[in-house]
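Asks: Input structure: structure_3.txt, which contains compact mmCIF, C-alpha atoms and all ligand atoms.
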# COMPACT_ATOMS: atom_id res chain seq x y z
CA MET A 501 184.09 99.16 125.26
CA GLY A 502 183.18 102.48 123.66
CA LYS A 503 184.79 103.70 120.46
CA ILE A 504 186.61 107.00 120.48
CA ILE A 505 186.44 109.11 117.32
CA ALA A 506 188.48 112.27 116.72
CA ILE A 507 187.29 114.95 114.28
CA ALA A 508 190.43 116.72 113.08
CA ASN A 509 191.86 119.05 110.45
CA GLN A 510 194.44 121.74 111.15
CA LYS A 511 192.61 123.98 108.70
CA GLY A 512 190.10 126.29 110.36
CA GLY A 513 186.42 126.55 109.53
CA VAL A 514 186.08 123.31 107.57
CA GLY A 515 183.15 121.98 109.61
CA LYS A 516 184.85 120.01 112.41
CA THR A 517 182.59 121.25 115.19
CA THR A 518 179.44 120.96 113.07
CA THR A 519 180.47 117.40 112.17
CA ALA A 520 181.34 116.42 115.76
CA VAL A 521 178.02 117.74 117.09
CA HIS A 522 175.92 116.17 114.32
CA LEU A 523 177.72 112.84 114.42
CA GLY A 524 177.08 112.76 118.15
CA ALA A 525 173.44 113.76 117.72
CA ALA A 526 172.84 111.19 114.97
CA LEU A 527 174.39 108.38 117.03
CA GLN A 528 172.42 109.43 120.10
CA MET A 529 169.23 109.31 117.99
CA SER A 530 170.02 105.73 117.06
CA GLU A 531 170.00 104.80 120.75
CA LYS A 532 173.76 104.95 121.26
CA LYS A 533 175.23 106.45 124.38
CA VAL A 534 177.36 109.38 123.31
CA LEU A 535 179.89 111.68 124.98
CA LEU A 536 181.13 114.75 123.10
CA VAL A 537 184.51 116.05 124.21
CA ASP A 538 185.25 119.66 123.36
CA PHE A 539 189.01 119.69 122.93
CA ASP A 540 189.30 123.13 121.38
CA PRO A 541 190.06 126.23 123.49
CA GLN A 542 187.56 128.10 121.27
CA GLY A 543 184.83 126.14 123.07
CA ASP A 544 182.50 125.96 120.05
CA THR A 545 181.09 122.51 120.83
CA SER A 546 180.49 123.65 124.41
CA ALA A 547 178.54 126.69 123.19
CA TYR A 548 176.56 124.45 120.80
CA MET A 549 175.60 122.24 123.75
CA GLY A 550 174.43 125.29 125.68
CA PHE A 551 177.38 125.61 128.09
CA ASP A 552 177.35 129.13 129.50
CA ASP A 553 178.78 128.62 132.97
CA GLU A 554 181.75 130.97 132.96
CA ASP A 555 182.99 129.70 136.31
CA GLY A 556 182.28 126.05 135.51
CA ARG A 557 185.06 123.50 135.44
CA THR A 558 186.20 122.23 132.07
CA ILE A 559 188.54 119.62 130.56
CA SER A 560 191.39 122.07 131.01
CA GLN A 561 191.32 121.96 134.84
CA VAL A 562 191.07 118.17 134.80
CA ILE A 563 194.18 117.90 132.63
CA GLU A 564 196.05 120.39 134.75
CA GLU A 565 195.22 118.53 137.97
CA TYR A 566 196.14 115.22 136.39
CA VAL A 567 199.55 116.32 135.16
CA ARG A 568 200.31 117.92 138.51
CA GLY A 569 199.67 114.56 140.16
CA GLY A 570 196.46 115.67 141.88
CA ASN A 571 193.12 113.95 142.19
CA ALA A 572 191.71 114.52 138.70
CA ASN A 573 188.12 113.38 138.28
CA ILE A 574 186.96 113.53 134.68
CA ARG A 575 183.40 112.41 135.56
CA GLU A 576 182.97 115.59 137.54
CA VAL A 577 183.08 117.78 134.40
CA ILE A 578 180.58 115.77 132.33
CA ARG A 579 177.41 117.73 131.58
CA ILE A 580 174.14 117.00 129.83
CA SER A 581 172.71 119.04 126.94
CA GLU A 582 168.97 118.91 127.48
CA GLN A 583 168.16 120.63 124.21
CA ASN A 584 170.19 118.00 122.34
CA ASP A 585 168.44 114.83 123.42
CA ASN A 586 170.46 114.77 126.66
CA ILE A 587 173.81 114.19 124.97
CA ALA A 588 176.62 114.09 127.50
CA TYR A 589 179.51 116.47 126.88
CA ILE A 590 182.72 117.71 128.44
CA PRO A 591 183.16 121.46 128.00
CA SER A 592 186.31 123.35 127.21
CA ASP A 593 187.23 126.99 127.39
CA ILE A 594 190.07 129.32 126.53
CA SER A 595 192.16 128.09 129.47
CA LEU A 596 192.80 124.90 127.46
CA ALA A 597 195.15 127.03 125.35
CA GLY A 598 197.50 127.00 128.37
CA ALA A 599 197.63 123.18 128.30
CA GLU A 600 200.05 123.32 125.37
CA MET A 601 202.46 125.04 127.75
CA TYR A 602 202.14 122.89 130.86
CA LEU A 603 202.08 119.64 128.88
CA ILE A 604 205.55 120.40 127.53
CA SER A 605 207.24 119.28 130.74
CA VAL A 606 205.10 116.16 131.23
CA MET A 607 206.31 112.62 130.56
CA SER A 608 204.35 110.88 127.78
CA ARG A 609 202.48 114.12 127.23
CA GLU A 610 200.74 112.82 124.12
CA THR A 611 198.91 110.10 126.11
CA VAL A 612 197.29 112.29 128.79
CA LEU A 613 193.81 112.44 127.20
CA LYS A 614 193.91 108.70 126.48
CA ARG A 615 194.67 107.96 130.12
CA LEU A 616 191.86 110.25 131.29
CA LEU A 617 189.25 108.82 128.88
CA GLU A 618 190.20 105.26 129.81
CA GLU A 619 188.29 105.74 133.08
CA ILE A 620 184.97 106.55 131.41
CA ARG A 621 185.17 104.78 128.08
CA ASP A 622 183.04 101.83 129.26
CA ASP A 623 180.18 104.19 130.11
CA TYR A 624 179.61 105.14 126.45
CA ASP A 625 179.15 103.60 123.01
CA TYR A 626 180.92 106.53 121.36
CA ILE A 627 183.18 109.30 122.58
CA ILE A 628 183.62 112.01 119.95
CA ILE A 629 186.46 114.53 120.24
CA ASP A 630 186.19 117.91 118.52
CA CYS A 631 189.76 119.07 117.82
CA GLN A 632 191.14 122.57 117.48
CA PRO A 633 192.48 123.74 114.09
CA SER A 634 196.15 122.91 114.67
CA LEU A 635 198.63 120.07 114.59
CA GLY A 636 199.84 120.69 118.12
CA VAL A 637 200.03 118.57 121.26
CA LEU A 638 196.27 118.68 121.94
CA VAL A 639 195.43 117.23 118.52
CA LEU A 640 198.16 114.64 119.01
CA ASN A 641 196.50 113.67 122.32
CA ALA A 642 193.17 113.25 120.53
CA LEU A 643 194.71 111.05 117.81
CA VAL A 644 196.52 108.93 120.39
CA ALA A 645 193.29 108.45 122.40
CA ALA A 646 191.14 107.65 119.35
CA ASP A 647 190.11 104.42 117.64
CA GLY A 648 189.16 106.34 114.51
CA VAL A 649 189.63 109.74 112.90
CA VAL A 650 187.39 111.67 110.51
CA ILE A 651 188.77 114.61 108.55
CA PRO A 652 186.15 117.10 107.35
CA ALA A 653 187.30 119.07 104.29
CA GLN A 654 185.53 121.85 102.44
CA THR A 655 184.43 121.39 98.85
CA GLN A 656 184.83 125.11 98.24
CA GLU A 657 188.54 124.64 97.66
CA PHE A 658 190.87 121.73 97.12
CA SER A 659 193.80 121.99 99.46
CA LYS A 660 196.01 119.01 98.86
CA LYS A 661 198.78 120.47 101.01
CA ALA A 662 196.48 120.87 104.04
CA LEU A 663 195.15 117.33 103.66
CA LYS A 664 198.66 115.94 103.26
CA ALA A 665 199.75 117.55 106.55
CA ILE A 666 196.93 116.00 108.59
CA THR A 667 197.00 112.61 106.85
CA ASP A 668 200.79 112.48 107.41
CA ILE A 669 200.29 113.08 111.14
CA VAL A 670 197.61 110.36 111.24
CA GLY A 671 200.11 108.00 109.54
CA GLN A 672 202.85 108.88 112.01
CA VAL A 673 200.57 108.29 115.00
CA GLN A 674 199.50 104.94 113.52
CA HIS A 675 203.11 103.88 113.03
CA SER A 676 204.48 105.12 116.31
CA ILE A 677 202.09 105.30 119.25
CA ASN A 678 198.61 104.18 118.23
CA PRO A 679 198.49 101.34 115.67
CA GLU A 680 194.79 100.88 116.52
CA LEU A 681 193.90 104.25 115.00
CA LYS A 682 191.68 103.78 111.93
CA PHE A 683 191.57 106.49 109.29
CA LEU A 684 187.80 106.43 108.83
CA GLY A 685 187.80 108.91 105.97
CA ILE A 686 187.55 112.44 104.65
CA LEU A 687 184.10 114.05 104.74
CA PRO A 688 183.43 116.66 102.03
CA THR A 689 181.55 119.56 103.62
CA MET A 690 179.78 122.73 102.50
CA ALA A 691 178.95 121.32 99.08
CA ASP A 692 176.76 123.35 96.72
CA ASN A 693 175.72 123.16 93.08
CA THR A 694 178.73 124.99 91.67
CA ALA A 695 181.37 123.61 89.32
CA MET A 696 183.86 124.26 92.15
CA THR A 697 182.17 121.71 94.41
CA LYS A 698 181.87 119.20 91.58
CA ASP A 699 185.53 119.55 90.59
CA THR A 700 186.77 119.40 94.17
CA ARG A 701 184.72 116.30 94.95
CA GLN A 702 186.20 114.72 91.82
CA GLU A 703 189.73 115.62 92.91
CA TYR A 704 189.10 114.16 96.37
CA ASP A 705 187.81 110.96 94.80
CA ASN A 706 190.81 110.74 92.44
CA SER A 707 193.34 111.37 95.21
CA PHE A 708 191.82 109.40 98.08
CA GLY A 709 189.40 106.88 96.52
CA GLN A 710 187.51 104.86 99.15
CA LEU A 711 188.80 107.10 101.91
CA ILE A 712 186.35 109.79 100.81
CA PHE A 713 182.94 109.30 102.41
CA PRO A 714 180.33 108.63 99.73
CA MET A 715 178.05 111.48 100.84
CA ASN A 716 178.66 115.24 100.79
CA ILE A 717 177.39 117.56 103.51
CA SER A 718 175.52 120.37 101.76
CA LYS A 719 176.21 124.03 102.26
CA SER A 720 173.24 125.53 104.06
CA VAL A 721 172.63 128.54 106.22
CA THR A 722 170.66 126.23 108.52
CA ALA A 723 174.06 125.04 109.86
CA ALA A 724 174.79 128.51 111.21
CA TYR A 725 171.25 128.87 112.58
CA SER A 726 171.65 125.56 114.34
CA SER A 727 174.79 126.68 116.20
CA ARG A 728 173.03 129.95 117.11
CA ASP A 729 170.00 127.99 118.38
CA LYS A 730 172.31 125.50 120.15
CA LYS A 731 170.47 122.55 118.72
CA ALA A 732 171.74 119.96 116.22
CA LEU A 733 169.77 119.67 112.98
CA CYS A 734 169.39 115.91 113.34
CA PHE A 735 166.62 116.63 115.85
CA LYS A 736 164.70 118.80 113.35
CA ALA A 737 162.30 117.04 111.02
CA ASN A 738 163.02 117.52 107.30
CA SER A 739 166.48 119.01 107.73
CA LYS A 740 168.59 118.13 104.68
CA ILE A 741 171.87 118.48 106.58
CA GLY A 742 170.44 116.54 109.52
CA CYS A 743 169.56 113.71 107.15
CA GLU A 744 173.02 113.79 105.49
CA TYR A 745 174.71 113.62 108.85
CA ARG A 746 172.56 110.64 109.86
CA MET A 747 173.71 108.83 106.70
CA PHE A 748 177.29 109.80 107.52
CA ALA A 749 176.92 108.48 111.08
CA ALA A 750 175.67 105.13 109.78
CA GLU A 751 178.72 104.93 107.50
CA VAL A 752 181.04 105.83 110.40
CA GLU A 753 179.53 102.98 112.43
CA ARG A 754 180.09 100.62 109.53
CA ARG A 755 183.68 101.75 109.04
CA ILE A 756 184.61 101.55 112.70
CA GLY A 757 183.02 98.14 112.96
CA ASN A 758 180.28 98.82 115.48
CA GLU A 759 177.39 98.32 113.08
CA GLN A 760 174.44 96.53 114.61
CA VAL A 761 173.27 93.63 112.45
N1 LIG B 801 177.29 122.55 105.88
C1 LIG B 801 177.46 123.84 106.18
N2 LIG B 801 176.89 124.80 105.43
C2 LIG B 801 177.05 126.12 105.73
N3 LIG B 801 177.76 126.57 106.76
C3 LIG B 801 178.37 125.65 107.54
C4 LIG B 801 178.25 124.24 107.29
N4 LIG B 801 178.97 123.58 108.25
C5 LIG B 801 179.48 124.54 109.05
N5 LIG B 801 179.11 125.77 108.62
C6 LIG B 801 179.48 127.05 109.23
O1 LIG B 801 180.84 127.32 108.92
C7 LIG B 801 181.52 127.83 110.06
C8 LIG B 801 182.65 126.90 110.44
O2 LIG B 801 182.10 125.65 110.82
P1 LIG B 801 182.66 124.86 112.07
O3 LIG B 801 182.70 125.72 113.26
O4 LIG B 801 181.91 123.58 112.16
O5 LIG B 801 184.14 124.58 111.53
P2 LIG B 801 185.42 124.17 112.37
O6 LIG B 801 186.28 123.38 111.44
O7 LIG B 801 185.02 123.53 113.63
O8 LIG B 801 186.10 125.57 112.68
P3 LIG B 801 187.36 125.81 113.64
O9 LIG B 801 188.54 125.37 112.85
O10 LIG B 801 187.35 127.28 113.92
O11 LIG B 801 187.15 124.97 114.86
C9 LIG B 801 180.46 127.99 111.15
O12 LIG B 801 179.97 129.30 111.11
C10 LIG B 801 179.37 127.01 110.74
O13 LIG B 801 178.09 127.40 111.19
MG MG B 802 185.58 123.94 115.60
Go ahead and render the structure in this file as structure tokens.

Replies:
Amino acid sequence: MGKIIAIANQKGGVGKTTTAVHLGAALQMSEKKVLLVDFDPQGDTSAYMGFDDEDGRTISQVIEEYVRGGNANIREVIRISEQNDNIAYIPSDISLAGAEMYLISVMSRETVLKRLLEEIRDDYDYIIIDCQPSLGVLVLNALVAADGVVIPAQTQEFSKKALKAITDIVGQVQHSINPELKFLGILPTMADNTAMTKDTRQEYDNSFGQLIFPMNISKSVTAAYSSRDKKALCFKANSKIGCEYRMFAAEVERRIGNEQV
């Protein structure tokens, strides 16, 4: 049965999408079958994968049909990103923002994504969910569906308050609805050679110990080029960030317990 991993942080611009895409790419490169789920109305993972079908169906319509009791078919919205080693992905678009509204009246609204992914989970080794920057019902759905959660956090600033909010939610989900959810760790992103990065990394280590991933993801303009070019850096030879994300992916596999021996 495939493992589901959510990439979450309510803070914006910390590297969630870049991490989701590169974790997926790195796992796909190591012969794993990967599905990326864009669960952010901003649709950044979809754009990264090359989704440009404005009239195309997305996760939003599947959820809407499902909660209205219709014939929701999640397989129907799975696409393939040819330029990213044929990674499978489920696109999202701005209409997902409306899901917050129509989920309000639904019974067990926090388990909708879990129920939908249940159908396809056996088809993949890993399903990776890119979350929106919020702590709302969509993120809750991702945490309830997931076996593990990774929290990317910038090294350009140390925001204990922001990390406390998301780690508290993870704790609540573990204690209430999803005891299987593993807190895989916090990934320090956008690291450079400044004292700021060094101090922040140190503060992360002091506050969270083993829960901080051992590697940093470096700050590099190649990350922005990669989203513009719609191609993950793992597929480019000699990319420093690509290499860091491959090391991160190996550690994620170890932590979630799917490591091949
Ligand atoms: N390691 C990096 N070095 C430099 N720039 C980066 C790095 N990782 C991501 N970026 C850039 O920072 C911006 C934010 O990254 P990203 O979209 O991955 O964050 P996010 O947490 O998903 O944002 P949002 O909260 O809006 O969904 C993007 O322009 C991205 O290209
Ligand atoms: Mg994002």

Asks: Using all atoms listed in the file, which residues of the polymer chains come no farther than 6 Å from ligand LIG 801 (chain B)? I'd like the answer as a ChimeraX atom specification.

Replies: /A:511-518,632-633,689-690,717-721,723-724

Asks: Grab the residues selected above and save them as an mmCIF file, in the coordinates of the input with C-alpha atoms.

Replies:
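Output file selection16.cif follows:
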data_model
loop_
_atom_site.group_PDB
_atom_site.id
_atom_site.type_symbol
_atom_site.label_atom_id
_atom_site.label_comp_id
_atom_site.auth_asym_id
_atom_site.auth_seq_id
_atom_site.Cartn_x
_atom_site.Cartn_y
_atom_site.Cartn_z
ATOM 1 C CA LYS A 511 192.610 123.980 108.700
ATOM 2 C CA GLY A 512 190.100 126.290 110.360
ATOM 3 C CA GLY A 513 186.420 126.550 109.530
ATOM 4 C CA VAL A 514 186.080 123.310 107.570
ATOM 5 C CA GLY A 515 183.150 121.980 109.610
ATOM 6 C CA LYS A 516 184.850 120.010 112.410
ATOM 7 C CA THR A 517 182.590 121.250 115.190
ATOM 8 C CA THR A 518 179.440 120.960 113.070
ATOM 9 C CA GLN A 632 191.140 122.570 117.480
ATOM 10 C CA PRO A 633 192.480 123.740 114.090
ATOM 11 C CA THR A 689 181.550 119.560 103.620
ATOM 12 C CA MET A 690 179.780 122.730 102.500
ATOM 13 C CA ILE A 717 177.390 117.560 103.510
ATOM 14 C CA SER A 718 175.520 120.370 101.760
ATOM 15 C CA LYS A 719 176.210 124.030 102.260
ATOM 16 C CA SER A 720 173.240 125.530 104.060
ATOM 17 C CA VAL A 721 172.630 128.540 106.220
ATOM 18 C CA ALA A 723 174.060 125.040 109.860
ATOM 19 C CA ALA A 724 174.790 128.510 111.210
#

Asks: Restricting the calculation to all atoms listed in the file: of A:Lys533, A:Met601, A:Leu616, A:Gly685, which residue gets closest to Asn571 (chain A)?

Replies: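 Checking each candidate against Asn571 (chain A), we get A:Leu616 as the closest.
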
Asks: Looking at A:Leu527, A:Ile629, A:Ile590, A:Ile580, which one is nearest to ligand MG 802 (chain B), with distances taken over only C-alpha atoms and all ligand atoms?

Replies: A:Ile629

Asks: Tell me which of A:Asp705, A:Asp647, A:Asp540, A:Asp692 sits closest to Val673 (chain A), counting all atoms listed in the file.

Replies: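 Closest to Val673 (chain A), using all atoms listed in the file: A:Asp647.
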
Asks: Hey, which of A:Pro652, A:Gly502, A:Gly757, A:Gly556 ends up closest to ligand MG 802 (chain B)? Count all atoms listed in the file.

Replies: A:Pro652

Asks: In Å, rounded to a single decimal, give me how far CA of Tyr548 (chain A) is from CA of Ser727 (chain A).

Replies: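 If I compute the distance from CA of Ser727 (chain A) to CA of Tyr548 (chain A), I get 5.4 Å.
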
Asks: List as a PyMOL selection string the protein and nucleic acid residues near Leu663 (chain A), meaning an atom at most 12 Å away when all atoms listed in the file are counted, but skip any in the same chain fewer than 4 places from it.

Replies: chain A and resi 508-511+514+635+650-654+657-659+667-670+685-688+704+707-708+712

Asks: Mind pulling up the distance from CA of Val644 (chain A) to CA of Arg754 (chain A)?

Replies: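 Separation between CA of Arg754 (chain A) and CA of Val644 (chain A): 21.4 Å.
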
Asks: Please return the centre and edge lengths, in Å to one decimal, of a box with edges along x, y and z that contains all listed atoms of region 544-562 of chain A, widened by 6 Å on every side, as AutoDock Vina command-line options.

Replies:
--center_x 182.9 --center_y 124.6 --center_z 128.2 --size_x 29.0 --size_y 24.8 --size_z 28.3

Asks: Identify which of the residues A:Val577, A:Ala645, A:Leu613, A:Leu684 lies closest to Arg755 (chain A), counting all atoms listed in the file when measuring atom-to-atom distances.

Replies: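 Result for the nearest residue to Arg755 (chain A): A:Leu684.
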
Asks: Give the answer as one residue: which of A:Asn586, A:Thr611, A:Gln542, A:Gln710 has the shortest atom-to-atom distance to Ala642 (chain A), using all atoms listed in the file?

Replies: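 So, comparing all the options, the nearest one is A:Thr611.
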
Asks: Identify, on the basis of all atoms listed in the file, every residue whose closest approach to Ala599 (chain A) does not exceed 10 Å; exclude the query and any residue fewer than 3 positions from it along the same chain; express the result as a PDB file with C-alpha atoms, in the frame of the given file.

Replies:
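Here's the written file around29.pdb:
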ATOM      1  CA  PRO A 541     190.060 126.230 123.490  1.00  0.00           C
ATOM      2  CA  SER A 560     191.390 122.070 131.010  1.00  0.00           C
ATOM      3  CA  GLN A 561     191.320 121.960 134.840  1.00  0.00           C
ATOM      4  CA  ILE A 563     194.180 117.900 132.630  1.00  0.00           C
ATOM      5  CA  GLU A 564     196.050 120.390 134.750  1.00  0.00           C
ATOM      6  CA  VAL A 567     199.550 116.320 135.160  1.00  0.00           C
ATOM      7  CA  ILE A 594     190.070 129.320 126.530  1.00  0.00           C
ATOM      8  CA  SER A 595     192.160 128.090 129.470  1.00  0.00           C
ATOM      9  CA  LEU A 596     192.800 124.900 127.460  1.00  0.00           C
ATOM     10  CA  TYR A 602     202.140 122.890 130.860  1.00  0.00           C
ATOM     11  CA  LEU A 603     202.080 119.640 128.880  1.00  0.00           C
ATOM     12  CA  ILE A 604     205.550 120.400 127.530  1.00  0.00           C
ATOM     13  CA  VAL A 637     200.030 118.570 121.260  1.00  0.00           C
ATOM     14  CA  LEU A 638     196.270 118.680 121.940  1.00  0.00           C
TER      15      LEU A 638
END

Asks: Do a neighbour search on Leu733 (chain A) at 9 Å with all atoms listed in the file, toss out local chain neighbours closer than 6 positions, and write the hits as a PyMOL selection string.

Replies: chain A and resi 522+525+722-723+726+739-743+745

Asks: Would you mind reading off the distance between CA of Thr655 (chain A) and CA of Glu703 (chain A), one decimal, in Å?

Replies: 9.8 Å

Asks: Near Glu554 (chain A), counting only C-alpha atoms, which residues have an atom at most 12 Å away, once you skip same-chain residues fewer than 6 positions from it, shown as a list in words?

Replies: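 So the residues in contact are Gly543, Ser546, Ala547, Pro591, Ser592, Asp593, Ile594 and Ser595 of chain A.
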
Asks: Using the selection just defined, write its residues with C-alpha atoms as a PDB file, keeping the file's coordinate frame.

Replies:
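Everything below was put into selection13.pdb:
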ATOM      1  CA  GLY A 543     184.830 126.140 123.070  1.00  0.00           C
ATOM      2  CA  SER A 546     180.490 123.650 124.410  1.00  0.00           C
ATOM      3  CA  ALA A 547     178.540 126.690 123.190  1.00  0.00           C
ATOM      4  CA  PRO A 591     183.160 121.460 128.000  1.00  0.00           C
ATOM      5  CA  SER A 592     186.310 123.350 127.210  1.00  0.00           C
ATOM      6  CA  ASP A 593     187.230 126.990 127.390  1.00  0.00           C
ATOM      7  CA  ILE A 594     190.070 129.320 126.530  1.00  0.00           C
ATOM      8  CA  SER A 595     192.160 128.090 129.470  1.00  0.00           C
TER       9      SER A 595
END

Asks: As a PyMOL selection string, please: the residues near Ile628 (chain A) (cut-off 7 Å, all atoms listed in the file, same-chain neighbours under 3 positions excluded).

Replies: chain A and resi 504-506+520+524+535-537

Asks: For region 660-671 of chain A, where the input has fewer atoms than it should, I would like N, CA and C atoms rebuilt and written as a PDB file, keeping the file's coordinate frame.

Replies:
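Wrote part23.pdb, looks like this:
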ATOM      1  N   LYS A 660     195.287 120.267  98.744  1.00  0.00           N
ATOM      2  CA  LYS A 660     196.010 119.010  98.860  1.00  0.00           C
ATOM      3  C   LYS A 660     197.075 119.097  99.953  1.00  0.00           C
ATOM      4  N   LYS A 661     197.710 120.282 100.035  1.00  0.00           N
ATOM      5  CA  LYS A 661     198.780 120.470 101.010  1.00  0.00           C
ATOM      6  C   LYS A 661     198.247 120.314 102.437  1.00  0.00           C
ATOM      7  N   ALA A 662     197.070 120.942 102.695  1.00  0.00           N
ATOM      8  CA  ALA A 662     196.480 120.870 104.040  1.00  0.00           C
ATOM      9  C   ALA A 662     196.121 119.419 104.362  1.00  0.00           C
ATOM     10  N   LEU A 663     195.549 118.718 103.402  1.00  0.00           N
ATOM     11  CA  LEU A 663     195.150 117.330 103.660  1.00  0.00           C
ATOM     12  C   LEU A 663     196.371 116.431 103.853  1.00  0.00           C
ATOM     13  N   LYS A 664     197.438 116.750 103.124  1.00  0.00           N
ATOM     14  CA  LYS A 664     198.660 115.940 103.260  1.00  0.00           C
ATOM     15  C   LYS A 664     199.221 116.093 104.680  1.00  0.00           C
ATOM     16  N   ALA A 665     199.193 117.318 105.205  1.00  0.00           N
ATOM     17  CA  ALA A 665     199.750 117.550 106.550  1.00  0.00           C
ATOM     18  C   ALA A 665     199.015 116.716 107.592  1.00  0.00           C
ATOM     19  N   ILE A 666     197.690 116.734 107.555  1.00  0.00           N
ATOM     20  CA  ILE A 666     196.930 116.000 108.590  1.00  0.00           C
ATOM     21  C   ILE A 666     196.996 114.488 108.346  1.00  0.00           C
ATOM     22  N   THR A 667     196.947 114.064 107.081  1.00  0.00           N
ATOM     23  CA  THR A 667     197.000 112.610 106.850  1.00  0.00           C
ATOM     24  C   THR A 667     198.408 112.071 107.192  1.00  0.00           C
ATOM     25  N   ASP A 668     199.435 112.897 107.007  1.00  0.00           N
ATOM     26  CA  ASP A 668     200.790 112.480 107.410  1.00  0.00           C
ATOM     27  C   ASP A 668     200.874 112.274 108.924  1.00  0.00           C
ATOM     28  N   ILE A 669     200.280 113.201 109.675  1.00  0.00           N
ATOM     29  CA  ILE A 669     200.290 113.080 111.140  1.00  0.00           C
ATOM     30  C   ILE A 669     199.541 111.814 111.561  1.00  0.00           C
ATOM     31  N   VAL A 670     198.391 111.581 110.927  1.00  0.00           N
ATOM     32  CA  VAL A 670     197.610 110.360 111.240  1.00  0.00           C
ATOM     33  C   VAL A 670     198.499 109.133 111.002  1.00  0.00           C
ATOM     34  N   GLY A 671     199.210 109.124 109.874  1.00  0.00           N
ATOM     35  CA  GLY A 671     200.110 108.000 109.540  1.00  0.00           C
ATOM     36  C   GLY A 671     201.206 107.833 110.586  1.00  0.00           C
TER      37      GLY A 671
END
